[in-house]
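Chemist: Pasting start14.txt below, which is compact mmCIF, C-alpha atoms.
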# COMPACT_ATOMS: atom_id res chain seq x y z
CA MET Z 21 160.86 90.88 162.10
CA THR Z 22 157.60 90.67 160.16
CA SER Z 23 157.30 90.49 156.43
CA SER Z 24 154.56 91.83 154.20
CA ALA Z 25 155.35 89.26 151.51
CA THR Z 26 152.51 86.98 150.49
CA GLN Z 27 153.40 83.37 149.94
CA LEU Z 28 152.19 82.45 146.45
CA TYR Z 29 153.27 78.84 146.03
CA THR Z 30 155.24 76.18 147.85
CA THR Z 31 156.44 72.79 146.69
CA THR Z 32 158.78 70.16 148.04
CA ALA Z 33 161.26 67.96 146.22
CA VAL Z 34 163.00 64.96 147.73
CA SER Z 35 166.09 63.56 146.03
CA THR Z 36 167.38 60.03 146.44
CA ARG Z 37 170.23 58.30 144.63
CA ALA Z 38 168.06 57.31 141.64
CA SER Z 39 165.14 59.76 141.57
CA VAL Z 40 163.69 63.07 142.59
CA ARG Z 41 160.09 63.24 143.72
CA VAL Z 42 158.07 66.45 143.74
CA ASP Z 43 154.99 66.39 145.92
CA ASP Z 44 152.64 68.15 143.52
CA ALA Z 45 154.00 67.41 140.02
CA GLU Z 46 152.93 65.00 137.30
CA PRO Z 47 154.76 62.81 136.84
CA ALA Z 48 155.64 63.08 140.50
CA GLU Z 49 158.92 61.23 140.13
CA LEU Z 50 161.79 61.68 137.68
CA ALA Z 51 164.69 59.30 137.26
CA VAL Z 52 168.00 61.04 137.97
CA ALA Z 53 171.50 59.95 137.01
CA ALA Z 54 174.90 61.49 136.47
CA PRO Z 55 175.61 62.09 132.78
CA ARG Z 56 177.89 59.74 130.89
CA GLU Z 57 180.33 62.67 130.43
CA LEU Z 58 180.89 62.50 134.20
CA ALA Z 59 181.28 58.71 134.27
CA GLY Z 60 177.65 58.25 135.24
CA PRO Z 61 175.15 55.83 133.73
CA GLY Z 62 173.06 58.51 132.00
CA GLY Z 63 169.46 57.63 131.29
CA GLY Z 64 167.97 60.13 133.71
CA TRP Z 65 167.81 63.82 134.44
CA ASN Z 66 170.85 65.37 136.11
CA PRO Z 67 171.02 68.53 138.24
CA GLU Z 68 172.38 70.66 135.41
CA GLN Z 69 169.48 69.68 133.12
CA LEU Z 70 166.95 70.35 135.86
CA TYR Z 71 168.51 73.74 136.56
CA ALA Z 72 168.56 74.70 132.86
CA ALA Z 73 164.89 73.74 132.59
CA ALA Z 74 164.06 75.76 135.71
CA LEU Z 75 165.92 78.86 134.46
CA ALA Z 76 164.31 78.77 131.01
CA THR Z 77 160.84 78.22 132.43
CA CYS Z 78 161.22 80.89 135.12
CA LEU Z 79 162.29 83.55 132.63
CA HIS Z 80 159.65 82.52 130.08
CA GLN Z 81 156.89 82.79 132.69
CA SER Z 82 158.21 86.17 133.83
CA LEU Z 83 158.20 87.37 130.20
CA ALA Z 84 154.58 86.21 129.85
CA VAL Z 85 153.48 88.17 132.92
CA ILE Z 86 155.33 91.34 131.90
CA ALA Z 87 154.24 91.09 128.24
CA SER Z 88 150.57 90.56 129.10
CA SER Z 89 150.46 93.73 131.19
CA ALA Z 90 152.38 95.73 128.53
CA GLY Z 91 150.45 94.39 125.54
CA ASP Z 92 153.48 92.77 123.90
CA ASP Z 93 153.02 89.81 121.53
CA LEU Z 94 154.92 86.71 122.66
CA THR Z 95 153.97 84.62 119.64
CA GLY Z 96 156.99 82.46 118.85
CA CYS Z 97 158.81 83.48 122.04
CA GLN Z 98 161.48 80.99 123.07
CA VAL Z 99 163.87 81.00 126.04
CA THR Z 100 166.95 78.80 125.84
CA ALA Z 101 169.10 78.12 128.92
CA GLY Z 102 172.51 76.50 128.71
CA VAL Z 103 174.17 75.33 131.91
CA SER Z 104 177.79 74.22 132.17
CA LEU Z 105 179.38 72.44 135.10
CA ARG Z 106 183.00 73.43 135.68
CA HIS Z 107 185.66 71.77 137.80
CA GLU Z 108 187.79 74.13 139.87
CA GLY Z 109 190.07 71.81 141.80
CA THR Z 110 189.59 68.91 144.13
CA GLN Z 111 185.91 68.53 144.99
CA THR Z 112 185.16 72.11 143.87
CA TYR Z 113 182.60 72.75 141.16
CA ASP Z 114 180.93 75.81 139.72
CA LEU Z 115 178.01 76.42 137.36
CA ASP Z 116 177.79 78.81 134.44
CA ALA Z 117 174.44 79.61 132.86
CA ARG Z 118 173.62 81.45 129.65
CA LEU Z 119 170.11 82.41 128.62
CA LYS Z 120 168.92 83.45 125.19
CA VAL Z 121 165.52 84.99 124.51
CA GLU Z 122 163.93 85.04 121.07
CA LEU Z 123 161.04 87.49 120.68
CA PRO Z 124 159.99 87.52 117.02
CA GLY Z 125 156.62 89.15 117.79
CA VAL Z 126 158.13 92.08 119.71
CA PRO Z 127 159.57 95.09 117.89
CA GLU Z 128 163.36 94.96 117.95
CA GLU Z 129 163.68 98.32 119.74
CA ARG Z 130 161.44 97.01 122.59
CA ARG Z 131 163.01 93.57 123.11
CA GLN Z 132 165.90 94.49 125.43
CA ASP Z 133 163.66 96.58 127.71
CA LEU Z 134 161.12 93.77 127.92
CA VAL Z 135 163.80 91.19 128.77
CA ASP Z 136 165.46 93.48 131.33
CA LEU Z 137 162.14 94.01 133.07
CA ALA Z 138 161.35 90.28 133.01
CA VAL Z 139 164.81 89.47 134.42
CA SER Z 140 164.28 91.94 137.26
CA HIS Z 141 161.04 90.11 138.14
CA ALA Z 142 162.27 86.52 137.68
CA PRO Z 143 163.39 85.21 141.08
CA MET Z 144 165.85 82.62 139.73
CA ILE Z 145 167.56 84.66 137.02
CA GLY Z 146 169.52 87.37 138.84
CA GLY Z 147 173.19 87.40 137.94
CA TRP Z 148 172.97 85.31 134.77
CA HIS Z 149 173.77 86.68 131.32
CA VAL Z 150 170.70 86.98 129.09
CA ALA Z 151 171.14 87.49 125.35
CA VAL Z 152 168.27 88.91 123.31
CA ALA Z 153 167.63 87.75 119.75
Let me see the file written as structure tokens.
Modeler:
Amino acid sequence: MTSSATQLYTTTAVSTRASVRVDDAEPAELAVAAPRELAGPGGGWNPEQLYAAALATCLHQSLAVIASSAGDDLTGCQVTAGVSLRHEGTQTYDLDARLKVELPGVPEERRQDLVDLAVSHAPMIGGWHVAVA
């Protein structure tokens, strides 16, 4: 089966016990550690923090693309992502993510449509709840 999709960007991350290294990032290496709340040492990024950062950034960049083509003003735009790790029995975990978008430069009646369109174009966001402020 052939695909007409055009590859836009590729990166690689390698995780070890104490760090994650991304081949084309600066800094290229981040210290990682389980949070103290999970009996870890803390002092580094954990998967939930990395995922929250990725979700917030993905949606913010999608909003920027959609807004630029629609002429919307993203001055003061902020995307907040909260990620919770849940325990569901022996060795079973689940994630919950909540995203909140603040669009002070966009008319209130346009905000939800803009966010819905951005969510439909953001590859990482599907299925997560997005609140509009």
Chemist: Nearest to Arg131 (chain Z): which of Z:Pro67, Z:Met144, Z:Asp114, Z:Leu94 is it, counting only C-alpha atoms?
Modeler: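 Going through Z:Pro67, Z:Met144, Z:Asp114, Z:Leu94 one by one, the smallest distance to Arg131 (chain Z) is for Z:Leu94.
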Chemist: Using all atoms listed in the file, pick whichever of Z:Leu58, Z:Ala76, Z:Leu123, Z:Leu134 has the shortest atom-to-atom distance to His107 (chain Z).
Modeler: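 Checking each candidate against His107 (chain Z), we get Z:Leu58 as the closest.
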Chemist: What is the CA of Leu83 (chain Z) to CA of Pro127 (chain Z) distance in Å?
Modeler: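 We find that CA of Leu83 (chain Z) and CA of Pro127 (chain Z) lie 14.6 Å from each other.
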Chemist: Expressed in Å to a single decimal, how great is the separation between CA of Leu50 (chain Z) and CA of Ala38 (chain Z)?
Modeler: 8.6 Å
Chemist: Mind pulling up the distance from CA of Arg56 (chain Z) to CA of Asp43 (chain Z)?
Modeler: 28.2 Å
Chemist: List as a ChimeraX atom specification the protein and nucleic acid residues near Ser82 (chain Z), meaning an atom at most 12 Å away when all atoms listed in the file are counted, but skip any in the same chain fewer than 3 places from it.
Modeler: /Z:75-79,85-89,94,99,121,134-145
Chemist: In terms of the shortest atom-to-atom distance over all atoms listed in the file, which of Z:Pro47, Z:Gly102, Z:Gly63, Z:Pro55 is closest to His149 (chain Z)?
Modeler: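 The answer is Z:Gly102, which sits nearest to His149 (chain Z).
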Chemist: Nearest to His80 (chain Z) among Z:Glu68, Z:Glu122, Z:Glu128, Z:Asp133, with distances taken over only C-alpha atoms: which residue is it?
Modeler: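 Checking each candidate against His80 (chain Z), we get Z:Glu122 as the closest.
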Chemist: Let me make sure I understand: among Z:Ala54, Z:Val152, Z:Leu119, Z:Glu49, which one has the smallest atom-to-atom distance to Val103 (chain Z) if we use all atoms listed in the file?
Modeler: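 Comparing Z:Ala54, Z:Val152, Z:Leu119, Z:Glu49 against Val103 (chain Z), the winner is Z:Leu119.
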